[in-house]
Amino acid sequence: MVEIRRIFTQVEDIHHEFGPLAATPQRRGVIAAVLSNPFAGRYEPDILPMMDALQPVGIDMAQRLQRAMGVGVERIESYGKGAIIGAAGELEHGALWHVPGGYAMRELLGWKGDRDAYAQGRGGADAAAAAKGQPGNALAIVPSTKKVGPPGAALDVPLTHINAAYVRSHFDAIEVRVPGAPLPDELVFILAMSTGARVHARVGGLKAADIAQWNGLR
Amino acid sequence: MPAAIRKLIVQVDETRIEMGKAIDPPTRRALAMAVIANPCAGRYVENLDELIAIGEELGGLLGDKCVQALGIAPGKAQSYGKAAIVGEAGELEHAAAILHPKLGAPLRKAVEKGAALVPSAKKHGGLGTAIDVPLGHKDAAFVRSHFDAMEARVPDAPRANEIVVAVVVTDSGRPLPRVGGLQAHEAKGEDGLR
């Protein structure tokens, strides 16, 4: 069911954006897997088996991305994910990536929740544990975008802080584009991570240092 | 003056299946790009030595980044190429100054040998302009299986006063080469051509 045709990785260092030179450049990384879409060209009512089949793909991609970025998990401060569905597919096929992609990254970064419960739409253990302090890492939802697109379509993948979605300095997005993919019967599944805030972040709001509720939001 | 680098981007494109056929080992192409300030933007500058020096610096930096990203010994590199996109306040000749006089020697050091010409492309562009970096076998330009290109593009560059400089290094040719011509194993790699 899962056939990976290409793997595309990108790592970028941002030294400045016409302001002061960053002491440590912001490093942003992206990994995109190009898969054949087993549901292309027809309406398939039951697509959930693919979600299970994608679990090891997510874990492998998260690990590969961290390796490509060449930093420890403690340096990863924000994340995002996305999917581009080839023209013979359906937007819903891209939604198969939410659980395998998101939880693979969260677990890599230290999340302690129950992936199966979340996959079934249950969960919330984080909030109870939060009363006692930080219950782990990667508490925040992984933001995402998806679209149906032609080969070389660009997708802006949103990035937010891994522990508190409202941390304003970490709201960002990275444009991802795999030349030549997706072909009509392909899917592009994407993970993105960054080591920090926008390079010249200065519009106030919740700071990462002030996260206190440990509920994934603030 | 060393290059004023705003961004450094490294990509690896690995193909495992092409037209339903498994590619084992996968073909891999690495692209490294630097977004730099153009010290000659906005006016006519007769002497382009500053850009020539930047080209020499970037040939080594970007070549090494590609080889590192592929995780190979330098001698395992098989093909290469280079390109530059000059922002709107620059001159096409600025790309030539970076690419042609001195970028090649340190790039060849990064990939070991490199008897062949490094194929190149250049153009004027704005934010997100794409350039297809031509690729050829590093020791024998006529090796047909390694004629290829890789698209390079930075969404927020080049600004008018910037230049995007790109280098590609591969450890392989096209995924399913079958149009004949000189084969890599037949190449002598001495004159850079065959």
# chains A, B, ... in the order shown; residues from 1 in each chain; ligands from 1

$ interface_residues --of "chain A" --to "chain B" --cutoff "7 Å" --atoms "only C-alpha atoms" --output "list in words"
Ile4, Arg5, Arg6, Ile7, Phe8, Thr9, Gln10, Val11, Glu12, Asp13, Ile14, His15, His16, Glu17, Glu175 and Pro179 of chain A

$ write_last_selection --atoms "all heavy atoms" --output "tab-separated table (two decimals), in the first residue's frame"
chain	number	residue	atom	x	y	z
A	4	ILE	N	7.19	4.33	-1.63
A	4	ILE	CA	7.86	5.64	-1.64
A	4	ILE	C	8.71	5.76	-2.89
A	4	ILE	O	9.58	4.94	-3.14
A	4	ILE	CB	8.74	5.82	-0.38
A	4	ILE	CG1	7.87	5.74	0.87
A	4	ILE	CG2	9.50	7.14	-0.44
A	4	ILE	CD1	8.64	5.82	2.16
A	5	ARG	N	8.44	6.80	-3.66
A	5	ARG	CA	9.15	6.96	-4.93
A	5	ARG	C	10.34	7.91	-4.82
A	5	ARG	O	11.38	7.68	-5.41
A	5	ARG	CB	8.18	7.50	-5.97
A	5	ARG	CG	8.60	7.17	-7.38
A	5	ARG	CD	7.53	7.48	-8.37
A	5	ARG	NE	7.55	8.88	-8.77
A	5	ARG	CZ	8.53	9.44	-9.47
A	5	ARG	NH1	9.58	8.74	-9.83
A	5	ARG	NH2	8.46	10.70	-9.81
A	6	ARG	N	10.16	8.97	-4.07
A	6	ARG	CA	11.26	9.92	-3.90
A	6	ARG	C	11.27	10.45	-2.47
A	6	ARG	O	10.22	10.53	-1.84
A	6	ARG	CB	11.10	11.14	-4.83
A	6	ARG	CG	11.49	10.91	-6.26
A	6	ARG	CD	11.03	12.05	-7.14
A	6	ARG	NE	11.82	13.27	-7.00
A	6	ARG	CZ	11.49	14.42	-7.60
A	6	ARG	NH1	10.40	14.50	-8.35
A	6	ARG	NH2	12.23	15.49	-7.44
A	7	ILE	N	12.45	10.84	-2.03
A	7	ILE	CA	12.55	11.53	-0.74
A	7	ILE	C	13.36	12.80	-0.97
A	7	ILE	O	14.45	12.77	-1.53
A	7	ILE	CB	13.21	10.65	0.34
A	7	ILE	CG1	12.29	9.46	0.63
A	7	ILE	CG2	13.44	11.46	1.60
A	7	ILE	CD1	12.76	8.60	1.77
A	8	PHE	N	12.78	13.90	-0.54
A	8	PHE	CA	13.36	15.21	-0.79
A	8	PHE	C	13.59	15.88	0.57
A	8	PHE	O	12.66	15.98	1.37
A	8	PHE	CB	12.36	16.00	-1.63
A	8	PHE	CG	12.79	17.38	-2.02
A	8	PHE	CD1	13.49	17.60	-3.19
A	8	PHE	CD2	12.46	18.47	-1.23
A	8	PHE	CE1	13.88	18.88	-3.57
A	8	PHE	CE2	12.84	19.75	-1.59
A	8	PHE	CZ	13.54	19.95	-2.77
A	9	THR	N	14.82	16.30	0.83
A	9	THR	CA	15.08	17.00	2.09
A	9	THR	C	15.67	18.38	1.81
A	9	THR	O	16.34	18.58	0.78
A	9	THR	CB	16.08	16.24	2.99
A	9	THR	OG1	17.29	16.03	2.27
A	9	THR	CG2	15.53	14.89	3.43
A	10	GLN	N	15.41	19.29	2.71
A	10	GLN	CA	15.95	20.64	2.58
A	10	GLN	C	16.27	21.17	3.97
A	10	GLN	O	15.45	21.07	4.87
A	10	GLN	CB	14.94	21.56	1.90
A	10	GLN	CG	15.35	23.02	1.93
A	10	GLN	CD	14.42	23.89	1.12
A	10	GLN	OE1	13.99	23.54	0.03
A	10	GLN	NE2	14.09	25.06	1.65
A	11	VAL	N	17.46	21.74	4.11
A	11	VAL	CA	17.84	22.38	5.37
A	11	VAL	C	18.34	23.77	5.04
A	11	VAL	O	19.17	23.93	4.13
A	11	VAL	CB	18.94	21.58	6.10
A	11	VAL	CG1	19.37	22.31	7.37
A	11	VAL	CG2	18.44	20.18	6.45
A	12	GLU	N	17.84	24.78	5.73
A	12	GLU	CA	18.32	26.14	5.44
A	12	GLU	C	18.71	26.84	6.73
A	12	GLU	O	18.11	26.64	7.79
A	12	GLU	CB	17.25	26.95	4.70
A	12	GLU	CG	15.99	27.19	5.48
A	12	GLU	CD	14.97	28.00	4.69
A	12	GLU	OE1	15.00	27.97	3.45
A	12	GLU	OE2	14.16	28.67	5.32
A	13	ASP	N	19.77	27.63	6.61
A	13	ASP	CA	20.22	28.47	7.72
A	13	ASP	C	19.91	29.91	7.36
A	13	ASP	O	20.30	30.39	6.29
A	13	ASP	CB	21.74	28.33	7.91
A	13	ASP	CG	22.11	27.02	8.58
A	13	ASP	OD1	21.24	26.45	9.27
A	13	ASP	OD2	23.25	26.57	8.40
A	14	ILE	N	19.22	30.61	8.26
A	14	ILE	CA	18.88	32.00	8.02
A	14	ILE	C	19.75	32.85	8.93
A	14	ILE	O	19.62	32.81	10.15
A	14	ILE	CB	17.38	32.26	8.29
A	14	ILE	CG1	16.54	31.33	7.42
A	14	ILE	CG2	17.05	33.73	8.04
A	14	ILE	CD1	15.07	31.39	7.70
A	15	HIS	N	20.68	33.58	8.32
A	15	HIS	CA	21.63	34.38	9.11
A	15	HIS	C	21.06	35.74	9.46
A	15	HIS	O	21.35	36.30	10.51
A	15	HIS	CB	22.93	34.55	8.33
A	15	HIS	CG	23.67	33.25	8.14
A	15	HIS	ND1	24.63	32.82	9.01
A	15	HIS	CD2	23.55	32.27	7.21
A	15	HIS	CE1	25.10	31.63	8.60
A	15	HIS	NE2	24.45	31.29	7.52
A	16	HIS	N	20.29	36.32	8.58
A	16	HIS	CA	19.64	37.60	8.87
A	16	HIS	C	18.57	37.83	7.82
A	16	HIS	O	18.49	37.12	6.81
A	16	HIS	CB	20.65	38.75	8.86
A	16	HIS	CG	21.15	39.12	7.50
A	16	HIS	ND1	20.49	39.98	6.66
A	16	HIS	CD2	22.24	38.71	6.80
A	16	HIS	CE1	21.15	40.10	5.52
A	16	HIS	NE2	22.22	39.33	5.57
A	17	GLU	N	17.71	38.80	8.08
A	17	GLU	CA	16.78	39.23	7.05
A	17	GLU	C	16.86	40.76	7.01
A	17	GLU	O	15.91	41.45	7.33
A	17	GLU	CB	15.37	38.72	7.34
A	17	GLU	CG	14.53	38.74	6.08
A	17	GLU	CD	13.09	38.32	6.31
A	17	GLU	OE1	12.81	37.66	7.32
A	17	GLU	OE2	12.25	38.71	5.47
A	175	GLU	N	7.94	27.50	2.67
A	175	GLU	CA	7.41	27.07	1.37
A	175	GLU	C	8.12	25.79	0.93
A	175	GLU	O	9.34	25.74	0.91
A	175	GLU	CB	7.62	28.18	0.33
A	175	GLU	CG	6.93	27.89	-0.98
A	175	GLU	CD	7.05	29.05	-1.98
A	175	GLU	OE1	7.09	30.21	-1.55
A	175	GLU	OE2	7.11	28.76	-3.18
A	179	PRO	N	10.21	19.75	-7.17
A	179	PRO	CA	10.10	19.82	-8.63
A	179	PRO	C	9.72	18.46	-9.21
A	179	PRO	O	10.29	17.44	-8.82
A	179	PRO	CB	11.51	20.23	-9.06
A	179	PRO	CG	12.06	20.98	-7.89
A	179	PRO	CD	11.50	20.28	-6.68

$ select_by_dssp --residues "chain A" --states "strand (DSSP E or B)" --output "ChimeraX atom specification"
/A:4-14,26-36,78-85,144-148,154-161,164,167,172-177,186-194,206,216

$ atom_distance --atom1 "atom CA of A:Ser194" --atom2 "atom CA of B:Ile131"
26.1 Å

$ residues_around --residues "B:Ala3" --least-positions-apart "6" --cutoff "8 Å" --atoms "only C-alpha atoms" --output "mmCIF file with N, CA, C and O atoms, in the first residue's frame"
data_model
loop_
_atom_site.group_PDB
_atom_site.id
_atom_site.type_symbol
_atom_site.label_atom_id
_atom_site.label_comp_id
_atom_site.auth_asym_id
_atom_site.auth_seq_id
_atom_site.Cartn_x
_atom_site.Cartn_y
_atom_site.Cartn_z
ATOM 1 N N ILE B 36 23.318 35.744 -1.326
ATOM 2 C CA ILE B 36 24.354 36.695 -0.886
ATOM 3 C C ILE B 36 24.019 38.118 -1.333
ATOM 4 O O ILE B 36 23.277 38.324 -2.298
ATOM 5 N N ALA B 37 24.588 39.079 -0.607
ATOM 6 C CA ALA B 37 24.490 40.475 -1.032
ATOM 7 C C ALA B 37 25.360 40.659 -2.277
ATOM 8 O O ALA B 37 26.452 40.100 -2.363
ATOM 9 N N ILE B 54 34.359 36.036 -4.282
ATOM 10 C CA ILE B 54 33.177 35.407 -3.668
ATOM 11 C C ILE B 54 32.896 34.059 -4.344
ATOM 12 O O ILE B 54 32.552 33.072 -3.684
ATOM 13 N N GLU B 57 35.177 31.483 -2.898
ATOM 14 C CA GLU B 57 34.741 31.091 -1.546
ATOM 15 C C GLU B 57 33.533 30.137 -1.630
ATOM 16 O O GLU B 57 33.492 29.101 -0.951
ATOM 17 N N LEU B 58 32.578 30.482 -2.477
ATOM 18 C CA LEU B 58 31.340 29.690 -2.527
ATOM 19 C C LEU B 58 31.543 28.345 -3.218
ATOM 20 O O LEU B 58 30.837 27.377 -2.918
#

$ residues_around --residues "A:Val57" --least-positions-apart "6" --cutoff "9 Å" --atoms "only C-alpha atoms" --output "list in words"
Val2, Ile4, Ala33, Pro100, Gly101 and Ala104 of chain A

$ write_last_selection --atoms "N, CA, C and O atoms" --output "short mmCIF file (atom, residue, chain, number, x, y, z; two decimals), in the first residue's frame"
data_model
loop_
_atom_site.label_atom_id
_atom_site.label_comp_id
_atom_site.auth_asym_id
_atom_site.auth_seq_id
_atom_site.Cartn_x
_atom_site.Cartn_y
_atom_site.Cartn_z
N VAL A 2 2.01 1.16 0.72
CA VAL A 2 2.91 2.32 0.77
C VAL A 2 4.10 2.08 -0.13
O VAL A 2 4.86 1.14 0.06
N ILE A 4 7.19 4.33 -1.63
CA ILE A 4 7.86 5.64 -1.64
C ILE A 4 8.71 5.76 -2.89
O ILE A 4 9.58 4.94 -3.14
N ALA A 33 8.18 13.18 1.33
CA ALA A 33 8.20 11.86 0.69
C ALA A 33 7.17 11.86 -0.43
O ALA A 33 6.04 12.32 -0.23
N PRO A 100 -0.12 9.94 11.39
CA PRO A 100 1.23 9.36 11.27
C PRO A 100 2.33 10.41 11.23
O PRO A 100 3.41 10.21 11.78
N GLY A 101 2.09 11.54 10.60
CA GLY A 101 3.12 12.56 10.50
C GLY A 101 3.26 13.34 11.79
O GLY A 101 4.35 13.53 12.31
N ALA A 104 4.44 11.17 14.92
CA ALA A 104 5.83 10.73 14.77
C ALA A 104 6.77 11.85 15.21
O ALA A 104 7.72 11.62 15.96
#

$ residues_around --residues "stretch 65-76 of chain A" --least-positions-apart "2" --cutoff "7 Å" --atoms "only C-alpha atoms" --output "PyMOL selection string"
chain A and resi 11+29-31+61-63+78+109+193-195

$ write_last_selection --atoms "N, CA, C and O atoms" --output "PDB file, in the first residue's frame"
ATOM      1  N   VAL A  11      17.459  21.736   4.113  1.00  0.00           N
ATOM      2  CA  VAL A  11      17.839  22.383   5.375  1.00  0.00           C
ATOM      3  C   VAL A  11      18.344  23.771   5.035  1.00  0.00           C
ATOM      4  O   VAL A  11      19.170  23.932   4.128  1.00  0.00           O
ATOM      5  N   GLY A  29      14.193  22.932   8.621  1.00  0.00           N
ATOM      6  CA  GLY A  29      14.349  21.739   7.801  1.00  0.00           C
ATOM      7  C   GLY A  29      13.005  21.203   7.338  1.00  0.00           C
ATOM      8  O   GLY A  29      11.983  21.379   8.002  1.00  0.00           O
ATOM      9  N   VAL A  30      13.042  20.578   6.183  1.00  0.00           N
ATOM     10  CA  VAL A  30      11.843  20.017   5.581  1.00  0.00           C
ATOM     11  C   VAL A  30      12.179  18.660   5.006  1.00  0.00           C
ATOM     12  O   VAL A  30      13.264  18.481   4.433  1.00  0.00           O
ATOM     13  N   ILE A  31      11.275  17.700   5.175  1.00  0.00           N
ATOM     14  CA  ILE A  31      11.411  16.448   4.443  1.00  0.00           C
ATOM     15  C   ILE A  31      10.089  16.167   3.751  1.00  0.00           C
ATOM     16  O   ILE A  31       9.018  16.365   4.333  1.00  0.00           O
ATOM     17  N   MET A  61      10.580   9.331   8.605  1.00  0.00           N
ATOM     18  CA  MET A  61      10.785  10.692   8.075  1.00  0.00           C
ATOM     19  C   MET A  61      11.179  11.667   9.170  1.00  0.00           C
ATOM     20  O   MET A  61      12.028  12.540   8.976  1.00  0.00           O
ATOM     21  N   ALA A  62      10.553  11.540  10.343  1.00  0.00           N
ATOM     22  CA  ALA A  62      10.889  12.456  11.443  1.00  0.00           C
ATOM     23  C   ALA A  62      12.356  12.278  11.836  1.00  0.00           C
ATOM     24  O   ALA A  62      13.086  13.250  12.041  1.00  0.00           O
ATOM     25  N   GLN A  63      12.785  11.023  11.907  1.00  0.00           N
ATOM     26  CA  GLN A  63      14.179  10.764  12.283  1.00  0.00           C
ATOM     27  C   GLN A  63      15.141  11.260  11.202  1.00  0.00           C
ATOM     28  O   GLN A  63      16.179  11.865  11.489  1.00  0.00           O
ATOM     29  N   SER A  78      10.011  24.433  16.836  1.00  0.00           N
ATOM     30  CA  SER A  78       8.715  24.565  16.176  1.00  0.00           C
ATOM     31  C   SER A  78       8.578  23.511  15.094  1.00  0.00           C
ATOM     32  O   SER A  78       9.567  22.911  14.665  1.00  0.00           O
ATOM     33  N   LEU A 109      10.158  14.222  19.665  1.00  0.00           N
ATOM     34  CA  LEU A 109      10.557  15.398  20.453  1.00  0.00           C
ATOM     35  C   LEU A 109      10.205  15.266  21.924  1.00  0.00           C
ATOM     36  O   LEU A 109      10.416  16.193  22.701  1.00  0.00           O
ATOM     37  N   MET A 193      10.502  21.258  10.559  1.00  0.00           N
ATOM     38  CA  MET A 193      10.899  21.613  11.919  1.00  0.00           C
ATOM     39  C   MET A 193      11.873  22.796  11.865  1.00  0.00           C
ATOM     40  O   MET A 193      12.556  22.991  10.854  1.00  0.00           O
ATOM     41  N   SER A 194      11.926  23.544  12.959  1.00  0.00           N
ATOM     42  CA  SER A 194      12.828  24.699  13.018  1.00  0.00           C
ATOM     43  C   SER A 194      13.455  24.794  14.403  1.00  0.00           C
ATOM     44  O   SER A 194      12.877  24.335  15.392  1.00  0.00           O
ATOM     45  N   THR A 195      14.636  25.416  14.448  1.00  0.00           N
ATOM     46  CA  THR A 195      15.338  25.523  15.734  1.00  0.00           C
ATOM     47  C   THR A 195      14.938  26.764  16.515  1.00  0.00           C
ATOM     48  O   THR A 195      15.457  26.965  17.621  1.00  0.00           O
TER      49      THR A 195
END

$ atom_distance --atom1 "atom CA of B:Arg144" --atom2 "atom CA of B:Pro177"
8.2 Å

$ atom_distance --atom1 "atom CA of A:Gly149" --atom2 "atom CA of A:Glu90"
10.3 Å

$ decode --residues "stretch 95-106 of chain A" --atoms "all heavy atoms" --output "PDB file, in the first residue's frame"
ATOM      1  N   ALA A  95      -5.387  14.075   4.178  1.00  0.00           N
ATOM      2  CA  ALA A  95      -5.712  14.075   5.605  1.00  0.00           C
ATOM      3  C   ALA A  95      -5.212  12.813   6.296  1.00  0.00           C
ATOM      4  O   ALA A  95      -5.123  12.761   7.521  1.00  0.00           O
ATOM      5  CB  ALA A  95      -7.218  14.224   5.798  1.00  0.00           C
ATOM      6  N   LEU A  96      -4.867  11.795   5.528  1.00  0.00           N
ATOM      7  CA  LEU A  96      -4.312  10.567   6.116  1.00  0.00           C
ATOM      8  C   LEU A  96      -2.991  10.837   6.836  1.00  0.00           C
ATOM      9  O   LEU A  96      -2.541  10.032   7.636  1.00  0.00           O
ATOM     10  CB  LEU A  96      -4.076   9.516   5.022  1.00  0.00           C
ATOM     11  CG  LEU A  96      -5.343   8.870   4.461  1.00  0.00           C
ATOM     12  CD1 LEU A  96      -5.031   8.109   3.183  1.00  0.00           C
ATOM     13  CD2 LEU A  96      -5.957   7.932   5.505  1.00  0.00           C
ATOM     14  N   TRP A  97      -2.380  11.960   6.561  1.00  0.00           N
ATOM     15  CA  TRP A  97      -1.054  12.259   7.093  1.00  0.00           C
ATOM     16  C   TRP A  97      -1.091  12.846   8.512  1.00  0.00           C
ATOM     17  O   TRP A  97      -0.075  12.872   9.204  1.00  0.00           O
ATOM     18  CB  TRP A  97      -0.342  13.219   6.131  1.00  0.00           C
ATOM     19  CG  TRP A  97       1.100  13.474   6.412  1.00  0.00           C
ATOM     20  CD1 TRP A  97       1.712  14.693   6.520  1.00  0.00           C
ATOM     21  CD2 TRP A  97       2.148  12.512   6.605  1.00  0.00           C
ATOM     22  NE1 TRP A  97       3.054  14.548   6.764  1.00  0.00           N
ATOM     23  CE2 TRP A  97       3.341  13.216   6.830  1.00  0.00           C
ATOM     24  CE3 TRP A  97       2.174  11.118   6.617  1.00  0.00           C
ATOM     25  CZ2 TRP A  97       4.559  12.580   7.059  1.00  0.00           C
ATOM     26  CZ3 TRP A  97       3.385  10.477   6.849  1.00  0.00           C
ATOM     27  CH2 TRP A  97       4.550  11.211   7.069  1.00  0.00           C
ATOM     28  N   HIS A  98      -2.252  13.316   8.951  1.00  0.00           N
ATOM     29  CA  HIS A  98      -2.312  14.024  10.240  1.00  0.00           C
ATOM     30  C   HIS A  98      -1.751  13.190  11.386  1.00  0.00           C
ATOM     31  O   HIS A  98      -0.886  13.636  12.127  1.00  0.00           O
ATOM     32  CB  HIS A  98      -3.744  14.449  10.561  1.00  0.00           C
ATOM     33  CG  HIS A  98      -4.212  15.593   9.723  1.00  0.00           C
ATOM     34  ND1 HIS A  98      -3.674  16.849   9.831  1.00  0.00           N
ATOM     35  CD2 HIS A  98      -5.137  15.665   8.736  1.00  0.00           C
ATOM     36  CE1 HIS A  98      -4.259  17.656   8.959  1.00  0.00           C
ATOM     37  NE2 HIS A  98      -5.141  16.961   8.276  1.00  0.00           N
ATOM     38  N   VAL A  99      -2.248  11.998  11.546  1.00  0.00           N
ATOM     39  CA  VAL A  99      -1.821  11.177  12.691  1.00  0.00           C
ATOM     40  C   VAL A  99      -0.400  10.625  12.503  1.00  0.00           C
ATOM     41  O   VAL A  99       0.466  10.832  13.355  1.00  0.00           O
ATOM     42  CB  VAL A  99      -2.852  10.058  12.964  1.00  0.00           C
ATOM     43  CG1 VAL A  99      -2.292   9.041  13.958  1.00  0.00           C
ATOM     44  CG2 VAL A  99      -4.141  10.671  13.488  1.00  0.00           C
ATOM     45  N   PRO A 100      -0.120   9.942  11.388  1.00  0.00           N
ATOM     46  CA  PRO A 100       1.232   9.355  11.266  1.00  0.00           C
ATOM     47  C   PRO A 100       2.334  10.411  11.225  1.00  0.00           C
ATOM     48  O   PRO A 100       3.415  10.205  11.780  1.00  0.00           O
ATOM     49  CB  PRO A 100       1.185   8.591   9.937  1.00  0.00           C
ATOM     50  CG  PRO A 100      -0.230   8.523   9.525  1.00  0.00           C
ATOM     51  CD  PRO A 100      -0.971   9.611  10.231  1.00  0.00           C
ATOM     52  N   GLY A 101       2.094  11.537  10.599  1.00  0.00           N
ATOM     53  CA  GLY A 101       3.119  12.564  10.498  1.00  0.00           C
ATOM     54  C   GLY A 101       3.256  13.340  11.789  1.00  0.00           C
ATOM     55  O   GLY A 101       4.353  13.531  12.314  1.00  0.00           O
ATOM     56  N   GLY A 102       2.135  13.770  12.318  1.00  0.00           N
ATOM     57  CA  GLY A 102       2.153  14.624  13.505  1.00  0.00           C
ATOM     58  C   GLY A 102       2.686  13.908  14.728  1.00  0.00           C
ATOM     59  O   GLY A 102       3.578  14.411  15.418  1.00  0.00           O
ATOM     60  N   TYR A 103       2.151  12.718  14.995  1.00  0.00           N
ATOM     61  CA  TYR A 103       2.564  12.041  16.228  1.00  0.00           C
ATOM     62  C   TYR A 103       3.981  11.490  16.131  1.00  0.00           C
ATOM     63  O   TYR A 103       4.670  11.378  17.143  1.00  0.00           O
ATOM     64  CB  TYR A 103       1.541  10.987  16.650  1.00  0.00           C
ATOM     65  CG  TYR A 103       0.291  11.682  17.134  1.00  0.00           C
ATOM     66  CD1 TYR A 103      -0.861  11.717  16.356  1.00  0.00           C
ATOM     67  CD2 TYR A 103       0.300  12.389  18.329  1.00  0.00           C
ATOM     68  CE1 TYR A 103      -1.983  12.418  16.775  1.00  0.00           C
ATOM     69  CE2 TYR A 103      -0.791  13.095  18.757  1.00  0.00           C
ATOM     70  CZ  TYR A 103      -1.949  13.110  17.975  1.00  0.00           C
ATOM     71  OH  TYR A 103      -3.039  13.812  18.391  1.00  0.00           O
ATOM     72  N   ALA A 104       4.436  11.172  14.918  1.00  0.00           N
ATOM     73  CA  ALA A 104       5.833  10.733  14.767  1.00  0.00           C
ATOM     74  C   ALA A 104       6.770  11.845  15.213  1.00  0.00           C
ATOM     75  O   ALA A 104       7.725  11.621  15.961  1.00  0.00           O
ATOM     76  CB  ALA A 104       6.116  10.351  13.318  1.00  0.00           C
ATOM     77  N   MET A 105       6.483  13.081  14.769  1.00  0.00           N
ATOM     78  CA  MET A 105       7.342  14.203  15.173  1.00  0.00           C
ATOM     79  C   MET A 105       7.221  14.475  16.658  1.00  0.00           C
ATOM     80  O   MET A 105       8.205  14.722  17.355  1.00  0.00           O
ATOM     81  CB  MET A 105       6.955  15.468  14.390  1.00  0.00           C
ATOM     82  CG  MET A 105       7.899  15.800  13.290  1.00  0.00           C
ATOM     83  SD  MET A 105       7.619  17.420  12.523  1.00  0.00           S
ATOM     84  CE  MET A 105       5.873  17.500  12.322  1.00  0.00           C
ATOM     85  N   ARG A 106       5.978  14.434  17.172  1.00  0.00           N
ATOM     86  CA  ARG A 106       5.784  14.744  18.591  1.00  0.00           C
ATOM     87  C   ARG A 106       6.509  13.720  19.465  1.00  0.00           C
ATOM     88  O   ARG A 106       7.147  14.080  20.453  1.00  0.00           O
ATOM     89  CB  ARG A 106       4.291  14.810  18.909  1.00  0.00           C
ATOM     90  CG  ARG A 106       3.618  15.995  18.224  1.00  0.00           C
ATOM     91  CD  ARG A 106       2.139  16.082  18.519  1.00  0.00           C
ATOM     92  NE  ARG A 106       1.878  16.443  19.915  1.00  0.00           N
ATOM     93  CZ  ARG A 106       0.657  16.636  20.415  1.00  0.00           C
ATOM     94  NH1 ARG A 106      -0.415  16.490  19.629  1.00  0.00           N
ATOM     95  NH2 ARG A 106       0.498  16.962  21.680  1.00  0.00           N
TER      96      ARG A 106
END
